[in-house]
Every structure is written in C-alpha cells, then in structure tokens.
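See below for the structure under consideration.
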Amino acid sequence: MIFFAEAYLSQLIGRAVRDPSGQVVGRLEDLIVSRNGAFPPVTKILLRRRKQESLALPWSTVRSVSEEAITLSAPLDRITPSLLEDGEVFLAKVVMDRQIVDTHGRRVVKVNDLKLGSVGGRVRLIAAAVGTRSVLRRLNLEGIALAVCSWFGYRLPEHLISWEHVRTLEPVPDQLQLDIEGDRLKRMHPADLADIISDLHAKDRVALVSSLDEETAAEALEEMEPEERAALLNSLPGHVGAGILDEMAPDESADLVADLSPERQHELLSLMGEEEASDVRELLSYPEDSAGGLMTTEYVGVRAGLTAEQAVVHLREKHEDAEVIYYIYVVDNDNRLVGVMNLKDLILAPPQAIVDTFMAANVIKVTPEVHQEQVAKLIARYNMLAIPVVDKEGKMQGIVTMDDAIDSVLPTKYKKRIPRAFAP
Amino acid sequence: MGRDLLYRRRLLAVRLRSLAIFFAVIGPGIITANVDNDAGGIAVYSVAGANFGYRLLWVLIPTMIALIVIQEMCARMGVVTSKGLADLIRENFRVKVTVWMMLALVITNAANTASEFAGLAAAGEILGVTRYLVVPACALLVWVLVVKGTYRGVEKAFLFACLIYLAYPISGFLAPNLKWGEVFHQTIMPSIDLNTAFLIMIISVIGTTIAPWMQFYLQASVVEKGTRLEQYPWGRLEVILGCVIAIVIAFFITVACGATIFTTGERITDAAQAAVALRPLAGRFASLLFAIGLFNASLFAASILPLSTSLAVCEGIGWERGVDRTFREAREFYLLYTMLIVVGAAVVLLPGISTAHLLKIMIISQFLNGLLLPVLLILMLRLINNRNLMEKHVNSRLYNFIAWGTAIGVGLLSIALAIITLFFPSPG
C-alpha cells in the first residue's frame, strides 16, 4: 500500500476516488478516525457519489493515495460498506472549523486544518493546524501568499498542535479514552484550566467540566471568577455539582454556594457529603466580610500532651487535605486552642519532647465576627501565614489564610497577579 | 439555632443583590436600538424627511416588523447555541464563505466607521470646530476608551445622552405645518418612484435600520450576557422593546424633517441643514441641540462598531481576540481594530471632502449595509432553520416568511436599482 508521508485533510477532501480499473467512482467527502490513543488512526473513508448516498468504506480497501487520486483495491460493488462504530468520528464534519483545547499551549483554538501522517504503517491524525497559514491553504491561496511573503523576505510560519496535546469538546464515549484525554487536562495547572474553561462557549464548558474527575474540576473551579463558576455550577447536573463541591476547600465551596439561588443551594447541599455540607453551612452562617466568612475549616490540630513524634504520625494519618500545614495548632480535649507551633519547630524537636514545651502558648487569634480588614491588619502586623479563629469559649473554628485575607482588601486587578500561597 | 438565622439572612441578602443587579443592567436590545440611530441613521432619516417629505414613511412599518424578526432570530441563536454569529457561520458554512462574508463585513463597516467620523466632523463644524481637530481627537479617545477597557463605565453616559432624541417628537408636535392626517396616510400607503434617488433611499432606510453589523453585535452581546433558555422570554421582550424604540425615533426624525424642511421646498445637502428640523422646539438653539445629538450618536457608535467588527472577524477566522489580551497575544485583532479607526478617520480628513460630501458618506455607508443585508439574511435563515443546531427552537413558518420576504424584497430592490442605474440613468 502506497501512502503519503504526510498530508493535510483539506487537500485530500474532494480528491477523486478510483476503482482498480481506473474509473472514477466518486470523490472523498470525509475521513473517519477511531479515538484510540494519542494519534487516532484512520479507519474509514466517506465516499461522495453523484446522485446517490455517500458510502463509508473501510480504510483497508484503499490501495494507494496519490496526488491525483485515491485508488481502491477492489471494484465498488465487491466492497461491503461499513457503518460508523462507537468511538469513531468524522474529521471534516465534526472536528474541522471547531474549537479544541490545546493543553500544551493552554488555550482554546479553532481548527483550520488537520494533518495526517503515516506512523508505523498506519495513517493517523497527527496534528491540528491553526493559524493564518492554514486558513490560506483552505482558500487555495497558500502558494500566492508564500510567494508574496518570500518577496518581502518574511517567512509565513505554520502553527501545528500535536494531536497528543489536543482535547476535543464532543462527548467521549468510552471510559478508556476519557481517561487518556482527561489525563492531559489533569496535568495542566488549575489556573490555566480555569482560563481555558472561561474561553469556551457555555455548552462546551459544561461538557468539559462534566468529563473531568471531581478533584481536577474542583481545583479548576477554585481558580475561576465568581460569576462564571456560579453560572457553570448552575448548568451542571445536581450530583455532578455536589461531587465537585465536596472536593473543593470548604471556604471556596461556601463562597461559591453563597452566589447561587436559594433553591439551588438547598439542592446541592442536600446532595453533598454530610460532613462537607455541614462545613459549608457553618461557614455560610457568617457575614462574607468577616473572619468567619473568610476562614477555612481545614487546619492542622493536634492534642496537647502528645510527643513530637506522635504529632508527626498524626499529621501523616489525618491531615492530607489541610491547606496550611506550616502552622500546627494545639488544642485541649474540648478543642480549645492552647498553643501553636510551626512545622520547623516540630521537625527539629527531639522526638520524645512533649509539644506543650515548644509550642507558643500566647496565640494571636480572632473571633468569627471580626471584620476582614482587621484580620488583614493583624496578619500583616505579625507577619503570619494564617490566623486562627476561635469562638467565645476559645474553641477552634477554623483559620484565615494570608492569601484570603489579602484577597479581601486588594482590588481585583491586583489579585490576579499574586500567586496563591497555598495552592497545591 | 442562631446559625440558621444568620444563614437565612445571608440567602436573603444574596437574593436582594441579584434583583438590584438585574434592574441596573440595561440589556443588549435597548443598547443596540440606541446605537442603531448613529450618524448614518440620523443622516438617512433626515434626508428622507427633508427631501422626500412623508413619502418614505411607509417603509418604516415593514422595516420594523423585519427588524424585530431578524433581531429576535439573532438573540435566539445566541441563547440556544451560546455562540456568536461569526462562529456559527464558520462552523456551518466553512472557511470560504466565512472569509468572503468577513471581507464584505470589513468593507461595509469601514464605510460605517467613516460615516461615524463624518458625523463627528459635521457636528464639530456646526459648533465651529474644525474637523482636523475633532476627528483625530475623537479617534484617539475612542481607541483609548476601548483598548483600555474603560468603555463599560462610559456606556451609561452615552445611553443617558440618547435622551436627546426626545427633541424630535417634541419638535414634530410643535411644527406649524404638520398635518397628522397626511402623515398617517403616507405611513400606511406605499408610494414608490422608480428612479435611482428614491430606490437608493429605500435601500438606505432599510440598511440603516437593519445594519448587518448590529446583528453580529446583538448576538455577541446576548452570548456574553449568558442568558439562559428559561430566562429567554424576558430577553426577547427586551429586544422587541429596543426595536420599537429605534423605529419610533426614526419615525419622528423623518416626520420632523418632513414638517419643517420639506415644506420650505429646500433639499438638504449637508448635515447642518438638517438641524432646521429642531427649530420648532429649540429656535435659535436648534443647531446646537442637533450638533450635540449627532456628536453623541456618532461617538457612541464609533466606540462599538469597529470593536464589534474586529471581534466578529477574528471569531470567524479563528484569530485570538479581545481587549483583555495583550497586543502580542492578539495581534490581528488589534491591527484590524486600529485599521478600521484609522481608515474611517482618514477618509473624512482627505482633501476635497466638502461638508456636503460628509452627508453623502453617511448615506452611502448605509446603502452598502442594505446591499449586504440579503446575503447575511440568507446565511442566518439557513442557520436558524437547522434542527441540529437549534433543536426545537427553529423558526416558525411566519418568521420564515417575514425573513425570507425581507431578503427577497431588498434583493429585488437592489437588482431594480442596478438595472435602472445601468439602463435608465436619470440626471442627479
């Protein structure tokens, strides 16, 4: 079988298709690939015939592809047409001229053309062509444009995105392919993923977020603008939305839930995990601009009387999800805050030393009603990374992290430029 | 217990806040309607009334029906697909059609931008300020306003200033020669002269009311607003309301000019003469009032039109776009936008463009709109009747009838005009 080394889909479409005797039986209307791995192989061709329905023929019936025509290996009446199977996709109809996610370049782009290549004996989809040059090629102006550009001494660059970095936006049928494609998105930084989600159309947003695993979706949502993520959460099915909320940090969940309509809040809270829902309800009960409204319930606390070694074991076992692990709060049996230590002290202390001996007992703290500005002032004054929030009886309620405190007093424009201190 | 109460209080606060925001925001329909009456609009309606009396009023009723149908189609497409018009054209008609459409759009909208600057120049000259000062200053102002992203803050100011249009109905009612019977008669009964001047005016009236760039702008605004399908009936109401407002203003501009200028037997050849229409209301200050209105309308449209065009073209071709991107990230977008402003301003500043030419520029740009409209309509009709795209929200038979009727009607008028111009040229 003689194939090309590489070719563009736009140049193949419309090419004459001949049977072995040389007679033209139709023109190439489309190519069909199977979503299988990083570079989907071509599995069928769609033949456009005059005054008749188009036929899908297996790729195995194609004997050779030349500049002039595509030649089949058997006469048309001896080939059984095939139907589209699960996981197969029309390239020209469904992928060309649509938007895709470039997970490497971290943006959303329009596909102007598709590049195919022979890899390991099979013809595969290897790249998406975006950018101006591919538009010119579609208009058959590439030759002229190149000539004009070389006259000016300018090289017209080609923009290709390797297909292994591409994530299309239609629903993916099977779990295996979903895992493969989802993986590329998982590797992106949540802030970049959030940017991409913002760039998509509303429907595509829902499709993309629904296809992510809950943890990745939660991390991405945490980085999105409040209005956008509220709109997104409203468009997701209840159990999907609740699942994502479960995975988000409680203070972020509370902020997000607060922006929803009361009916929607009720619906989602009832679908969430019990513990997570009660955390969120608790945080929602405080005014937004207070310590209670800013705090997160994910902090690290150990019992007084433990040794340093026991404390470290406790950390390993119980505190995977904590946002701030640099400060460890020491509490008594009633959960009252009695002291705080930092991680450095804990690690450097002799393993058998009781935490009470090297913790700082005079802890700077606030109650939930304290206004956010006051909280920010305290954090700034004492150079803290986080400040604990206790109730009237001194019992730990949560902590306000430095980035959240600053968030609340800085204008939005600057917020985006400050790195999140405690992002994963 | 205490927590529950606080929790409920917070829900209430959120609810009240949302209501307030809803009322504070004026929607895409009303904004588009006001931008509809830009320099070109004021020019066309003024000339229609001043040079043809009430004879073109009948065009407004079918135009209004067509406008409502077409704008509603765009809004519906935006809500159902949540994609812009340029995007839909690209996805469904592929690259060649998209590129041709975008090219036509750029040319037409460059002419429209020139018309806005012509309006600014004309307004400036009425106030005694040379265009060589007004036009570059405004071009720079608009460019900075949009590129720095501070446009939104100024939008409300522009809209508020649109209240000036109230001067036209008031003036109309105060005009001494106004015979409402005749106005009513001409609004209902069509009358048509088969000569170039008349045909050009009809096409221009339609073109300025149903400008192609407005369809792209409206759909993009609806998508940006993020209206959901359940909320759409309110959105539709808002769009219809906007259309009615636009036509009412157009009607009164035409009537006021017809009652004042046409009756004197004069024909207007430059914008300053159109100010006479406001004499019954403002007397000596008619020119001042007119100039302020024209200035506001032109500046408002100049802030929206080139931006909307650049966004649409980049959306269709697939270039990065948006003022929130840096120049390096969205090179083509910024270049296109700047080019539109520069060309628009330059045309008006060319040597040999007299004050009378300014008015001609405003009219011709709207005429181009009218020529492009049938082509765009055909594309839109194919999109909105596509069940794969719109599901159960495709056009009803009535809507299709009206939209197709408009496309065919305007198309026939253009062909008739071409035939008459080529084979039966008339002097003037």
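Residue numbering restarts at 1 for every chain of the structure tokens, chains are lettered A, B, ... in their displayed order, and ligands are numbered from 1 as they appear.
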message: Contacts from chain A to chain B, 7 Å maximum, only C-alpha atoms: show me the residue list as a ChimeraX atom specification.
response: /A:97-98,109-110,131,138-139,201-203,259,262,284-286
Same residues, C-alpha atoms, output as a PDB file, in the first residue's frame:
ATOM      1  CA  ASP A  97     -13.638  24.509  11.917  1.00  0.00           C
ATOM      2  CA  ARG A  98     -14.475  23.727  15.543  1.00  0.00           C
ATOM      3  CA  VAL A 109      -8.189  27.432  19.366  1.00  0.00           C
ATOM      4  CA  LYS A 110     -10.110  26.885  16.171  1.00  0.00           C
ATOM      5  CA  GLY A 131      -3.311  29.999  12.470  1.00  0.00           C
ATOM      6  CA  ARG A 138      -8.089  26.209   2.753  1.00  0.00           C
ATOM      7  CA  LEU A 139      -8.674  29.085   0.356  1.00  0.00           C
ATOM      8  CA  HIS A 201     -18.780  28.577  24.954  1.00  0.00           C
ATOM      9  CA  ALA A 202     -21.255  27.857  27.722  1.00  0.00           C
ATOM     10  CA  LYS A 203     -22.287  24.461  26.366  1.00  0.00           C
ATOM     11  CA  ASP A 259     -23.562  33.034  44.987  1.00  0.00           C
ATOM     12  CA  PRO A 262     -31.587  29.530  47.500  1.00  0.00           C
ATOM     13  CA  LEU A 284     -22.220  30.394  55.268  1.00  0.00           C
ATOM     14  CA  SER A 285     -23.658  31.495  58.566  1.00  0.00           C
ATOM     15  CA  TYR A 286     -21.041  34.193  58.939  1.00  0.00           C
TER      16      TYR A 286
END
Residues near segment 280-287 of chain B, cut-off 8 Å, only C-alpha atoms, skip fewer than 2 positions along chain, as a compact mmCIF listing (two decimals) with N, CA and C atoms, in the first residue's frame:
# COMPACT_ATOMS: atom_id res chain seq x y z
N ILE B 126 -20.59 72.38 12.82
CA ILE B 126 -21.74 73.18 13.24
C ILE B 126 -21.37 74.00 14.46
N ALA B 167 -36.11 65.23 21.60
CA ALA B 167 -36.29 66.53 20.96
C ALA B 167 -37.07 66.39 19.66
N ILE B 170 -41.00 66.05 20.11
CA ILE B 170 -41.49 67.32 20.62
C ILE B 170 -41.50 68.36 19.51
N SER B 171 -40.40 68.38 18.78
CA SER B 171 -40.30 69.32 17.67
C SER B 171 -41.39 69.05 16.64
N GLY B 172 -41.59 67.78 16.37
CA GLY B 172 -42.62 67.42 15.40
C GLY B 172 -43.98 67.94 15.81
N LEU B 174 -44.64 70.40 17.68
CA LEU B 174 -44.68 71.87 17.71
C LEU B 174 -44.62 72.48 16.32
N ALA B 175 -44.30 71.65 15.31
CA ALA B 175 -44.13 72.21 13.96
C ALA B 175 -45.45 72.76 13.44
N PRO B 176 -45.43 73.96 12.87
CA PRO B 176 -46.67 74.60 12.44
C PRO B 176 -47.35 73.92 11.26
N ALA B 272 -25.72 70.23 8.53
CA ALA B 272 -26.14 71.41 9.30
C ALA B 272 -27.56 71.81 8.97
N ALA B 275 -30.50 70.43 10.90
CA ALA B 275 -30.80 70.94 12.24
C ALA B 275 -32.06 71.78 12.26
N VAL B 276 -32.45 72.26 11.07
CA VAL B 276 -33.65 73.09 10.99
C VAL B 276 -34.86 72.36 11.57
N ALA B 277 -34.83 71.04 11.48
CA ALA B 277 -35.96 70.24 11.96
C ALA B 277 -36.26 70.49 13.43
N LEU B 278 -35.27 70.94 14.16
CA LEU B 278 -35.47 71.14 15.59
C LEU B 278 -35.87 72.58 15.94
N LEU B 289 -28.48 72.00 19.53
CA LEU B 289 -29.10 70.77 20.00
C LEU B 289 -28.81 69.61 19.04
N PHE B 290 -28.98 69.90 17.75
CA PHE B 290 -28.74 68.89 16.74
C PHE B 290 -27.30 68.40 16.78
N ALA B 291 -26.38 69.38 16.88
CA ALA B 291 -24.96 69.02 16.86
C ALA B 291 -24.60 68.13 18.05
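Counting only C-alpha atoms, the residue from B:Ser308, B:Asn400, B:Gln366, B:Ser354 that sits nearest to Leu218 of chain B is B:Ser308.
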task: Please measure the separation of atom CA of Ser414 of chain B and atom CA of Cys314 of chain B, giving the value in Å to one decimal.
output: 29.3 Å
